[in-house]
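Reproduced below: upload-v5.cif, with mmCIF, C-alpha atoms.
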```
data_final
#
loop_
_atom_site.label_atom_id
_atom_site.label_comp_id
_atom_site.auth_asym_id
_atom_site.auth_seq_id
_atom_site.Cartn_x
_atom_site.Cartn_y
_atom_site.Cartn_z
CA MET A 47 -19.82 -10.10 16.26
CA LYS A 48 -19.45 -13.84 15.59
CA PHE A 49 -15.94 -13.82 14.18
CA VAL A 50 -14.70 -11.97 17.28
CA LYS A 51 -15.59 -14.95 19.48
CA THR A 52 -14.18 -17.48 17.02
CA THR A 53 -10.88 -15.67 16.57
CA LEU A 54 -10.44 -15.01 20.28
CA LEU A 55 -11.02 -18.67 21.15
CA ALA A 56 -8.61 -19.80 18.44
CA SER A 57 -5.94 -17.38 19.65
CA ALA A 58 -6.39 -18.49 23.26
CA ALA A 59 -6.05 -22.14 22.26
CA VAL A 60 -2.81 -21.44 20.45
CA LEU A 61 -1.36 -19.58 23.44
CA VAL A 62 -2.33 -22.29 25.93
CA ALA A 63 -1.05 -25.13 23.77
CA ALA A 64 2.40 -23.68 23.16
CA ASN A 65 5.38 -24.79 25.20
CA VAL A 66 8.08 -22.34 24.21
CA GLN A 67 11.56 -22.38 25.68
CA ALA A 68 12.78 -19.22 23.97
CA GLU A 69 13.84 -16.27 26.09
CA GLU A 70 13.67 -13.52 23.48
CA LEU A 71 11.71 -12.65 20.35
CA ASN A 72 12.82 -9.89 17.99
CA ILE A 73 10.14 -8.20 15.90
CA TRP A 74 10.56 -5.40 13.39
CA GLY A 75 7.54 -3.28 12.56
CA LEU A 76 7.06 -1.00 9.59
CA GLN A 77 6.39 2.60 10.58
CA ALA A 78 2.63 3.11 10.44
CA PHE A 79 2.71 6.91 9.88
CA ASN A 80 0.67 7.04 13.08
CA LYS A 81 2.53 7.32 16.38
CA GLU A 82 -0.42 6.01 18.37
CA ALA A 83 -0.60 2.88 16.18
CA ASP A 84 3.15 2.28 16.48
CA ALA A 85 2.89 2.61 20.27
CA LEU A 86 -0.13 0.31 20.45
CA ILE A 87 1.64 -2.46 18.54
CA GLY A 88 4.58 -2.05 20.88
CA ASP A 89 2.21 -2.47 23.84
CA MET A 90 0.71 -5.55 22.17
CA ALA A 91 4.19 -7.05 21.73
CA ARG A 92 5.03 -6.48 25.39
CA GLU A 93 1.71 -8.00 26.48
CA PHE A 94 2.44 -11.03 24.32
CA GLY A 95 5.85 -11.33 25.95
CA LYS A 96 4.29 -11.22 29.42
CA GLU A 97 1.83 -13.97 28.52
CA LYS A 98 4.57 -16.16 27.06
CA GLY A 99 7.21 -15.38 29.65
CA VAL A 100 9.72 -14.09 27.09
CA ASP A 101 11.41 -10.80 26.32
CA VAL A 102 9.96 -9.25 23.17
CA ASN A 103 11.93 -6.54 21.42
CA TYR A 104 9.68 -4.54 19.10
CA VAL A 105 11.50 -2.09 16.83
CA VAL A 106 9.76 0.38 14.48
CA VAL A 107 11.67 0.86 11.22
CA PRO A 108 10.91 3.69 8.75
CA ALA A 109 9.66 2.51 5.36
CA ASN A 110 12.44 4.19 3.39
CA VAL A 111 15.16 2.15 5.13
CA LEU A 112 13.41 -1.12 6.03
CA THR A 113 14.42 -3.03 2.89
CA GLN A 114 18.07 -2.05 3.25
CA ARG A 115 18.14 -2.90 6.96
CA LEU A 116 16.55 -6.26 6.33
CA ALA A 117 19.08 -7.01 3.60
CA SER A 118 21.95 -6.24 5.95
CA ALA A 119 20.39 -8.27 8.76
CA PHE A 120 19.86 -11.32 6.55
CA GLU A 121 23.37 -11.04 5.15
CA GLY A 122 24.74 -11.03 8.70
CA ASN A 123 22.50 -13.95 9.72
CA ALA A 124 20.90 -11.63 12.27
CA SER A 125 17.42 -11.11 10.90
CA PRO A 126 14.47 -10.43 13.20
CA ASP A 127 12.34 -13.46 14.01
CA ALA A 128 9.22 -11.80 12.61
CA PHE A 129 8.95 -8.62 10.60
CA MET A 130 6.58 -6.44 8.63
CA GLN A 131 7.09 -5.73 4.97
CA LEU A 132 4.89 -4.49 2.17
CA SER A 133 2.75 -7.26 0.72
CA GLN A 134 4.12 -6.32 -2.70
CA ASN A 135 7.43 -7.81 -1.57
CA SER A 136 6.08 -11.07 -0.14
CA SER A 137 6.76 -13.39 -3.06
CA TYR A 138 10.16 -11.78 -3.65
CA TYR A 139 11.29 -12.64 -0.11
CA ALA A 140 9.80 -16.13 -0.43
CA ALA A 141 11.56 -16.84 -3.74
CA ALA A 142 14.84 -15.66 -2.21
CA GLY A 143 14.44 -18.18 0.61
CA MET A 144 14.34 -15.46 3.27
CA THR A 145 10.93 -16.28 4.76
CA ALA A 146 9.24 -19.36 6.14
CA PRO A 147 5.75 -20.60 5.21
CA VAL A 148 2.91 -19.41 7.46
CA ASP A 149 0.07 -21.49 6.01
CA ASP A 150 -1.52 -22.27 9.36
CA VAL A 151 -1.60 -18.63 10.44
CA LEU A 152 -3.14 -17.40 7.20
CA ALA A 153 -5.63 -20.27 7.30
CA SER A 154 -6.74 -19.32 10.81
CA THR A 155 -7.50 -15.76 9.72
CA ARG A 156 -9.39 -16.98 6.65
CA GLU A 157 -11.39 -19.43 8.75
CA ALA A 158 -12.52 -16.81 11.25
CA GLU A 159 -16.26 -16.32 10.88
CA GLY A 160 -16.78 -13.80 8.13
CA GLY A 161 -13.31 -14.56 6.76
CA ILE A 162 -10.98 -12.00 5.25
CA TYR A 163 -11.06 -10.14 1.96
CA GLU A 164 -9.95 -12.89 -0.41
CA SER A 165 -8.55 -10.24 -2.74
CA MET A 166 -5.62 -10.01 -0.31
CA VAL A 167 -4.68 -13.70 -0.38
CA PRO A 168 -2.80 -13.87 -3.73
CA GLN A 169 -0.12 -11.48 -2.48
CA SER A 170 0.66 -13.90 0.35
CA MET A 171 1.17 -16.92 -1.89
CA TYR A 172 4.24 -18.39 -3.55
CA GLN A 173 4.25 -21.85 -5.12
CA ASP A 174 0.97 -22.70 -3.41
CA LYS A 175 2.22 -21.83 0.07
CA ALA A 176 1.52 -18.76 2.18
CA TYR A 177 4.60 -16.73 3.11
CA SER A 178 2.94 -13.68 4.65
CA VAL A 179 -0.20 -12.60 6.48
CA PRO A 180 -1.82 -9.26 5.55
CA ILE A 181 -2.15 -6.91 8.51
CA GLU A 182 -4.53 -4.38 6.95
CA ILE A 183 -5.58 -3.14 3.53
CA ASP A 184 -4.09 -0.08 1.91
CA LEU A 185 -6.80 1.56 -0.17
CA VAL A 186 -5.88 4.51 -2.34
CA PRO A 187 -8.62 6.98 -3.24
CA MET A 188 -8.00 10.36 -4.83
CA PHE A 189 -8.19 13.45 -2.62
CA ALA A 190 -9.78 16.42 -4.38
CA ARG A 191 -10.11 20.05 -3.21
CA LYS A 192 -13.79 20.84 -3.66
CA ASP A 193 -13.37 24.57 -3.03
CA LEU A 194 -10.67 24.98 -5.67
CA ILE A 195 -12.67 22.95 -8.17
CA GLU A 196 -15.76 25.08 -7.56
CA GLU A 197 -13.74 28.21 -8.32
CA THR A 198 -13.11 26.88 -11.83
CA GLY A 199 -16.80 26.38 -12.52
CA MET A 200 -16.12 22.76 -13.43
CA GLY A 201 -17.32 19.60 -11.70
CA ILE A 202 -15.29 17.00 -9.82
CA PRO A 203 -13.39 15.17 -12.56
CA THR A 204 -14.03 11.54 -13.40
CA THR A 205 -11.41 11.35 -16.16
CA TRP A 206 -7.74 12.25 -16.21
CA GLN A 207 -8.39 14.55 -19.14
CA ASP A 208 -10.94 16.55 -17.15
CA LEU A 209 -8.63 16.58 -14.14
CA ARG A 210 -5.92 18.18 -16.25
CA LYS A 211 -8.29 20.95 -17.36
CA VAL A 212 -9.31 21.62 -13.77
CA ALA A 213 -5.68 21.60 -12.63
CA GLN A 214 -4.72 24.07 -15.37
CA ALA A 215 -7.47 26.46 -14.29
CA ILE A 216 -6.48 26.17 -10.61
CA VAL A 217 -2.78 26.77 -11.25
CA GLU A 218 -3.55 29.67 -13.57
CA LYS A 219 -5.46 31.38 -10.76
CA HIS A 220 -3.12 30.20 -7.98
CA PRO A 221 0.40 29.81 -9.47
CA GLN A 222 1.79 28.78 -6.09
CA TYR A 223 -0.47 25.70 -6.00
CA THR A 224 0.21 22.15 -7.21
CA GLY A 225 -2.38 20.88 -9.64
CA LEU A 226 -1.67 17.17 -9.36
CA GLY A 227 0.55 16.04 -6.48
CA LEU A 228 2.04 13.03 -8.23
CA PRO A 229 5.36 11.93 -6.66
CA LEU A 230 8.06 11.38 -9.29
CA SER A 231 11.02 10.38 -7.11
CA ASN A 232 12.18 6.87 -6.16
CA ALA A 233 9.69 6.73 -3.29
CA ASN A 234 7.37 3.75 -2.87
CA ASP A 235 4.40 6.07 -3.44
CA THR A 236 5.72 6.83 -6.92
CA GLU A 237 5.74 3.18 -7.92
CA SER A 238 2.21 2.75 -6.57
CA ASP A 239 0.74 5.90 -8.13
CA LEU A 240 2.30 5.22 -11.53
CA ARG A 241 0.73 1.77 -11.65
CA MET A 242 -2.72 3.17 -10.93
CA LEU A 243 -2.32 5.82 -13.60
CA ILE A 244 -1.12 3.27 -16.18
CA TRP A 245 -4.01 0.92 -15.36
CA SER A 246 -6.53 3.74 -15.68
CA PHE A 247 -5.32 4.34 -19.25
CA GLY A 248 -5.73 0.63 -20.04
CA GLY A 249 -2.09 -0.39 -19.69
CA ALA A 250 -0.67 -3.27 -17.65
CA LEU A 251 2.80 -4.50 -16.78
CA PHE A 252 1.99 -8.19 -17.26
CA GLY A 253 -0.41 -10.41 -19.14
CA GLU A 254 -2.94 -12.75 -17.57
CA ASP A 255 -0.35 -15.53 -17.52
CA SER A 256 1.65 -13.41 -15.03
CA LYS A 257 4.75 -13.90 -17.21
CA THR A 258 4.32 -12.00 -20.46
CA VAL A 259 5.60 -8.42 -20.20
CA THR A 260 2.91 -6.15 -21.68
CA LEU A 261 4.04 -2.71 -20.51
CA ASN A 262 5.06 -1.41 -23.94
CA SER A 263 1.65 -0.54 -25.33
CA PRO A 264 -0.12 2.52 -26.76
CA GLU A 265 -2.12 2.75 -23.53
CA THR A 266 1.00 2.93 -21.34
CA ILE A 267 2.62 5.43 -23.68
CA ALA A 268 -0.49 7.59 -23.41
CA ALA A 269 -0.20 7.51 -19.60
CA TYR A 270 3.48 8.53 -19.76
CA GLN A 271 2.72 11.32 -22.21
CA TYR A 272 -0.01 12.57 -19.90
CA ILE A 273 2.53 12.87 -17.08
CA LYS A 274 5.04 14.61 -19.33
CA ASP A 275 2.49 17.12 -20.59
CA MET A 276 1.40 18.09 -17.08
CA PHE A 277 5.00 18.24 -15.87
CA ASP A 278 6.07 20.45 -18.77
CA GLU A 279 3.17 22.85 -18.24
CA GLY A 280 3.72 23.01 -14.48
CA THR A 281 0.50 21.43 -13.26
CA ILE A 282 2.76 18.71 -11.81
CA PRO A 283 5.60 20.57 -10.04
CA ARG A 284 9.30 19.89 -10.62
CA SER A 285 9.67 19.49 -6.85
CA ALA A 286 7.80 16.17 -7.14
CA LEU A 287 11.06 14.69 -8.45
CA THR A 288 12.50 14.98 -4.93
CA TRP A 289 9.50 14.04 -2.77
CA ASP A 290 9.79 11.22 -0.26
CA ASP A 291 6.78 9.07 0.68
CA GLY A 292 5.35 11.96 2.67
CA GLY A 293 5.83 14.58 -0.03
CA ASN A 294 2.37 14.34 -1.56
CA ASN A 295 0.84 14.15 1.93
CA THR A 296 2.58 17.36 2.94
CA ALA A 297 1.59 19.14 -0.26
CA TYR A 298 -2.07 18.41 0.36
CA GLN A 299 -2.05 18.93 4.12
CA THR A 300 -0.47 22.37 3.73
CA GLY A 301 -3.16 23.34 1.24
CA ARG A 302 -0.81 23.48 -1.74
CA ALA A 303 -2.19 20.60 -3.84
CA ALA A 304 -5.54 20.25 -5.58
CA PHE A 305 -5.34 16.49 -6.18
CA ILE A 306 -3.32 13.59 -4.78
CA MET A 307 -3.65 9.80 -4.72
CA ASN A 308 -2.98 8.50 -1.23
CA PRO A 309 -4.23 6.15 1.50
CA PRO A 310 -6.49 7.79 4.10
CA SER A 311 -3.62 8.82 6.38
CA VAL A 312 -4.19 12.30 4.96
CA TYR A 313 -7.86 12.04 5.90
CA SER A 314 -7.11 11.05 9.51
CA TRP A 315 -4.56 13.88 9.73
CA MET A 316 -7.20 16.39 8.64
CA VAL A 317 -9.67 15.05 11.21
CA GLU A 318 -7.12 15.79 13.92
CA ASN A 319 -5.59 18.99 12.56
CA ASP A 320 -7.55 20.88 9.90
CA GLN A 321 -11.34 20.77 9.88
CA GLU A 322 -11.58 23.48 7.21
CA LEU A 323 -9.42 21.51 4.79
CA LEU A 324 -11.42 18.38 5.60
CA ASP A 325 -14.68 20.17 4.79
CA ASN A 326 -13.24 21.20 1.44
CA THR A 327 -12.06 17.69 0.55
CA ALA A 328 -13.75 14.93 -1.42
CA LEU A 329 -12.47 11.35 -1.57
CA ILE A 330 -13.19 10.14 -5.09
CA ASN A 331 -12.38 7.18 -7.32
CA ILE A 332 -9.17 7.15 -9.33
CA PRO A 333 -10.12 8.80 -12.65
CA SER A 334 -10.31 6.96 -15.95
CA GLY A 335 -7.90 7.77 -18.75
CA ASN A 336 -9.59 5.60 -21.35
CA PRO A 337 -13.17 5.80 -22.68
CA ASP A 338 -13.44 2.00 -22.34
CA ILE A 339 -12.74 2.17 -18.59
CA GLU A 340 -15.48 3.48 -16.30
CA ALA A 341 -13.09 4.35 -13.46
CA GLY A 342 -9.49 3.75 -12.50
CA SER A 343 -8.58 1.03 -10.02
CA THR A 344 -6.90 1.31 -6.66
CA LEU A 345 -3.70 -0.61 -5.94
CA LEU A 346 -4.31 -3.18 -3.24
CA GLY A 347 -1.42 -3.36 -0.86
CA SER A 348 -0.86 -3.92 2.81
CA PHE A 349 1.62 -4.17 5.58
CA SER A 350 2.17 -7.90 6.10
CA TRP A 351 3.72 -10.14 8.73
CA MET A 352 6.51 -12.45 7.63
CA VAL A 353 8.59 -14.99 9.56
CA SER A 354 12.31 -15.19 8.89
CA SER A 355 13.73 -18.42 7.51
CA GLN A 356 16.75 -17.83 9.75
CA THR A 357 14.83 -17.96 13.02
CA ASP A 358 14.83 -20.98 15.28
CA GLN A 359 11.69 -19.59 16.90
CA SER A 360 9.22 -19.88 14.05
CA GLU A 361 6.54 -21.35 16.31
CA LEU A 362 6.76 -18.42 18.71
CA ALA A 363 6.82 -15.96 15.80
CA GLU A 364 3.64 -17.51 14.41
CA GLU A 365 2.00 -17.32 17.83
CA TRP A 366 2.81 -13.61 17.91
CA ILE A 367 1.00 -13.13 14.60
CA GLU A 368 -2.02 -15.07 15.93
CA PHE A 369 -1.97 -12.88 19.05
CA PHE A 370 -1.81 -9.73 16.94
CA PHE A 371 -5.24 -10.46 15.45
CA GLN A 372 -7.06 -10.87 18.78
CA PRO A 373 -10.16 -8.74 18.07
CA ASP A 374 -9.96 -6.42 21.07
CA TYR A 375 -6.43 -5.41 20.14
CA TYR A 376 -6.88 -5.47 16.39
CA GLN A 377 -10.05 -3.38 16.24
CA LYS A 378 -8.51 -0.76 18.51
CA LEU A 379 -5.50 -0.64 16.19
CA ILE A 380 -7.74 -0.08 13.16
CA GLU A 381 -9.63 2.64 15.03
CA VAL A 382 -6.54 4.62 16.02
CA THR A 383 -5.34 4.75 12.41
CA GLY A 384 -8.54 6.66 11.58
CA GLY A 385 -9.14 4.99 8.20
CA ARG A 386 -5.49 4.75 7.11
CA TRP A 387 -5.69 0.99 7.74
CA TYR A 388 -8.76 -0.85 6.52
CA PRO A 389 -9.44 -4.16 8.33
CA ILE A 390 -8.79 -7.44 6.53
CA PHE A 391 -12.07 -8.75 7.97
CA PRO A 392 -15.17 -7.61 5.99
CA GLU A 393 -17.45 -8.32 8.94
CA MET A 394 -15.41 -6.05 11.18
CA ALA A 395 -15.46 -3.25 8.59
CA ALA A 396 -19.24 -3.64 8.23
CA ASN A 397 -19.72 -3.13 11.98
CA MET A 398 -17.27 -0.34 12.78
CA PRO A 399 -18.83 3.14 12.98
CA LEU A 400 -15.54 4.53 11.66
CA PHE A 401 -16.52 3.12 8.25
CA THR A 402 -20.30 2.72 8.41
CA GLU A 403 -21.01 6.27 9.59
CA ASN A 404 -18.56 8.12 7.36
CA PRO A 405 -19.74 8.92 3.80
CA ALA A 406 -16.11 9.56 2.77
CA PHE A 407 -15.41 5.84 3.26
CA ALA A 408 -18.58 4.62 1.55
CA ASN A 409 -16.80 2.95 -1.36
CA PHE A 410 -14.00 1.33 0.66
CA ASP A 411 -15.62 -2.11 0.82
CA GLU A 412 -15.91 -2.21 -2.98
CA MET A 413 -12.34 -0.99 -3.36
CA ALA A 414 -11.07 -3.68 -0.97
CA ALA A 415 -12.93 -6.42 -2.82
CA ASN A 416 -12.07 -5.32 -6.36
CA GLY A 417 -8.71 -3.51 -6.31
CA LEU A 418 -5.74 -4.66 -8.37
CA THR A 419 -2.35 -6.03 -7.35
CA ILE A 420 1.16 -5.39 -8.65
CA GLY A 421 0.97 -8.43 -10.94
CA TYR A 422 -1.97 -7.12 -12.94
CA SER A 423 -3.21 -8.39 -15.40
CA GLY A 424 -1.88 -11.53 -13.72
CA ALA A 425 -1.20 -12.63 -10.16
CA PRO A 426 1.49 -11.24 -7.86
CA THR A 427 4.82 -12.94 -8.58
CA PRO A 428 8.45 -12.63 -7.48
CA LEU A 429 9.10 -10.87 -10.79
CA ALA A 430 6.35 -8.33 -10.12
CA SER A 431 7.83 -7.75 -6.65
CA GLU A 432 11.32 -7.29 -8.04
CA VAL A 433 10.08 -4.80 -10.63
CA TYR A 434 8.41 -2.87 -7.81
CA THR A 435 11.46 -2.85 -5.52
CA SER A 436 13.81 -2.07 -8.41
CA LYS A 437 11.88 1.16 -9.10
CA VAL A 438 11.73 0.47 -12.82
CA LEU A 439 8.71 2.67 -13.49
CA SER A 440 9.87 5.67 -11.49
CA THR A 441 13.34 5.52 -13.06
CA SER A 442 11.86 5.39 -16.56
CA VAL A 443 9.60 8.37 -15.85
CA GLN A 444 12.60 10.33 -14.55
CA LYS A 445 14.42 9.56 -17.80
CA MET A 446 11.48 11.06 -19.65
CA LEU A 447 11.21 14.17 -17.48
CA VAL A 448 14.85 14.91 -16.62
CA ASP A 449 16.73 13.47 -19.61
CA ASP A 450 14.01 14.51 -22.08
CA THR A 451 13.51 10.97 -23.34
CA SER A 452 10.29 10.56 -25.32
CA ALA A 453 7.35 8.77 -23.75
CA GLU A 454 7.77 5.97 -26.30
CA ASP A 455 11.46 5.48 -25.47
CA ALA A 456 10.88 5.72 -21.72
CA VAL A 457 8.22 3.01 -21.87
CA LYS A 458 10.44 0.83 -24.09
CA TRP A 459 13.34 1.26 -21.65
CA ALA A 460 11.13 0.19 -18.75
CA SER A 461 9.80 -2.78 -20.70
CA ASP A 462 13.35 -3.86 -21.59
CA GLN A 463 14.35 -3.65 -17.91
CA ILE A 464 11.44 -5.86 -16.90
CA GLU A 465 12.31 -8.36 -19.65
CA ALA A 466 15.91 -8.45 -18.36
CA LEU A 467 14.70 -9.13 -14.84
CA ALA A 468 12.44 -11.89 -16.18
CA ASP A 469 15.36 -13.46 -18.07
CA LYS A 470 17.35 -13.72 -14.83
#
```
Can the structure from this file be put into structure tokens for me?
Amino acid sequence: MKFVKTTLLASAAVLVAANVQAEELNIWGLQAFNKEADALIGDMAREFGKEKGVDVNYVVVPANVLTQRLASAFEGNASPDAFMQLSQNSSYYAAAGMTAPVDDVLASTREAEGGIYESMVPQSMYQDKAYSVPIEIDLVPMFARKDLIEETGMGIPTTWQDLRKVAQAIVEKHPQYTGLGLPLSNANDTESDLRMLIWSFGGALFGEDSKTVTLNSPETIAAYQYIKDMFDEGTIPRSALTWDDGGNNTAYQTGRAAFIMNPPSVYSWMVENDQELLDNTALINIPSGNPDIEAGSTLLGSFSWMVSSQTDQSELAEEWIEFFFQPDYYQKLIEVTGGRWYPIFPEMAANMPLFTENPAFANFDEMAANGLTIGYSGAPTPLASEVYTSKVLSTSVQKMLVDDTSAEDAVKWASDQIEALADK
């Protein structure tokens, strides 16, 4: 593979050229939901330390507490030198002055032969500078239980309306089952899933100028009403209000959910633990909720590397990120995640049997190239990041479901909250 040689030579040149006096590098990683991947990155960090002659402390932090821990660390002027965060938060951290530019590192990954998926670049940018480097690509297909669908006599749904009919028939026959495993708590998965559902109905949070708030629309209201109708009839369970980021995973993996939207971590779990469930599972496109939309769109996200603005070791931190993408290490990391992480390099994806020999992953390249970001219909912005981290959508949906607010009022409340954040 040509880009393998190019990237390896570039990484070696960086390591040889550096003359670092630091004795310690602190790195925080975001929990990968894969113990083998977490361990491998830890091994990579220690190997980097050996090559550089420094002590590297690699700490894995769970997703549900990372933001709070980072906030405390920055407040105490004790932030890690380099850290992972969700790409959705990249411009937010940059606008707050918490991260340093990493233009050279991002450029080196883009210049590797074959390049990276350019769809991932906008989430790294703020005011024409790169402030993060995507580690992988989170692709979100829908998981569908083929055996339960066949029992209904209906086909695999391509629209949300058909999915609801199938879910009703499944729950009627199996009252203990979840029709649609849509998280409705304040988990990150809720914010992601709600965006995909809104987009599939034709709604959007922002206009093409990335500034105009466009959430309050008939299309968004229709998406909210869809959720409310399924929640009220029980095809979305009340327990979804309390799920954490693993709640929908658990519901599907224990055979209690007919449909969920989730990255392929569920797929890799089934490969390891439940062949029967895997055989009865189809990975399908996000359904359409609007006749004018052929299919729903996946939310493009990723874990991303960022360098703290507080560090006095930015050069060493950047060298760590360069080291991380050495092909032998990086490809092994992608392989151990079993499809949960999709490589940022199209050429690598096109040559890995994990993706080329698995029909379930056949549409991943298209999803990676054409998915949408949190700023849709515009580009990712600090405002879009703040809306995501503030859990505006999930809070508004909870108002609708728990406080019995109408779909129209819930959408208006959310829109008003976004306008208030924009006015800040």
Let me know the residues the PyMOL selection byres ((chain A and resi 335) around 7) catches in the file above, as a JSON list (two decimals) with C-alpha atoms, in the coordinates of the input.
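As a result, part35.json now contains:
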```json
[["chain", "number", "residue", "atom", "x", "y", "z"],
["A", 205, "THR", "CA", -11.41, 11.35, -16.16],
["A", 206, "TRP", "CA", -7.74, 12.25, -16.21],
["A", 207, "GLN", "CA", -8.39, 14.55, -19.14],
["A", 246, "SER", "CA", -6.53, 3.74, -15.68],
["A", 247, "PHE", "CA", -5.32, 4.34, -19.25],
["A", 333, "PRO", "CA", -10.12, 8.80, -12.65],
["A", 334, "SER", "CA", -10.31, 6.96, -15.95],
["A", 336, "ASN", "CA", -9.59, 5.60, -21.35],
["A", 337, "PRO", "CA", -13.17, 5.80, -22.68]]
```
- Item | Spatial neighbours of Leu209 (chain A), max dist 9 Å, all atoms listed in the file, sep filter under 6 positions, as a PyMOL selection string | chain A and resi 202-203+225-226+305+333
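Look at region 108-120 of chain A: the protein and nucleic acid residues within 10 Å of it, using all atoms listed in the file and passing over chain neighbours fewer than 5 places away, are Trp74, Gly75, Leu76, Gln77, Ala78, Phe79, Ser125, Pro126, Phe129, Met130, Gln131, Leu132, Asn135, Met144, Asn232, Ala233, Asn234, Asp290, Asp291, Ser354, Ser355, Gln356 and Thr435 of chain A.
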Pull C-alpha atoms from the residues just selected and write them as a compact mmCIF listing (two decimals), in the coordinates of the input.
```
# COMPACT_ATOMS: atom_id res chain seq x y z
CA TRP A 74 10.56 -5.40 13.39
CA GLY A 75 7.54 -3.28 12.56
CA LEU A 76 7.06 -1.00 9.59
CA GLN A 77 6.39 2.60 10.58
CA ALA A 78 2.63 3.11 10.44
CA PHE A 79 2.71 6.91 9.88
CA SER A 125 17.42 -11.11 10.90
CA PRO A 126 14.47 -10.43 13.20
CA PHE A 129 8.95 -8.62 10.60
CA MET A 130 6.58 -6.44 8.63
CA GLN A 131 7.09 -5.73 4.97
CA LEU A 132 4.89 -4.49 2.17
CA ASN A 135 7.43 -7.81 -1.57
CA MET A 144 14.34 -15.46 3.27
CA ASN A 232 12.18 6.87 -6.16
CA ALA A 233 9.69 6.73 -3.29
CA ASN A 234 7.37 3.75 -2.87
CA ASP A 290 9.79 11.22 -0.26
CA ASP A 291 6.78 9.07 0.68
CA SER A 354 12.31 -15.19 8.89
CA SER A 355 13.73 -18.42 7.51
CA GLN A 356 16.75 -17.83 9.75
CA THR A 435 11.46 -2.85 -5.52
```
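Counting only C-alpha atoms, the residue from A:Ala215, A:Gly347, A:Ala146, A:Arg210 that sits nearest to Gln359 (chain A) is A:Ala146.
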- Message: Take the PyMOL selection byres ((chain A and resi 200) around 12), run it mentally on this structure, and tell me the resulting residues as number ranges by chain.
- Response: A: 192-199, 201-204, 208-216
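Applied to the file shown here, the PyMOL selection byres ((chain A and resi 69) around 12) selects Val66, Gln67, Ala68, Glu70, Leu71, Asn72, Gly95, Lys96, Lys98, Gly99, Val100, Asp101, Val102, Asn103, Asp358, Gln359 and Leu362 of chain A.
When only C-alpha atoms are used to measure the gap to Glu182 (chain A), the shortest distance among A:Pro389, A:Pro373, A:Gly421, A:Gly280 belongs to A:Pro389.
Candidate residues A:Thr402, A:Ser285, A:Thr236, A:Asn295 were compared for distance to Tyr313 (chain A), and the nearest is A:Asn295, using only C-alpha atoms.
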- Looking at A:Gln321, A:Thr383, A:Ser442, A:Gln222, which one is nearest to Ala303 (chain A), with distances taken over all atoms listed in the file? A:Gln222
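Among the candidate residues A:Val317, A:Ile420, A:Val148, A:Met188, the one lying nearest to Ile330 (chain A) is A:Met188, with distances computed using all atoms listed in the file.
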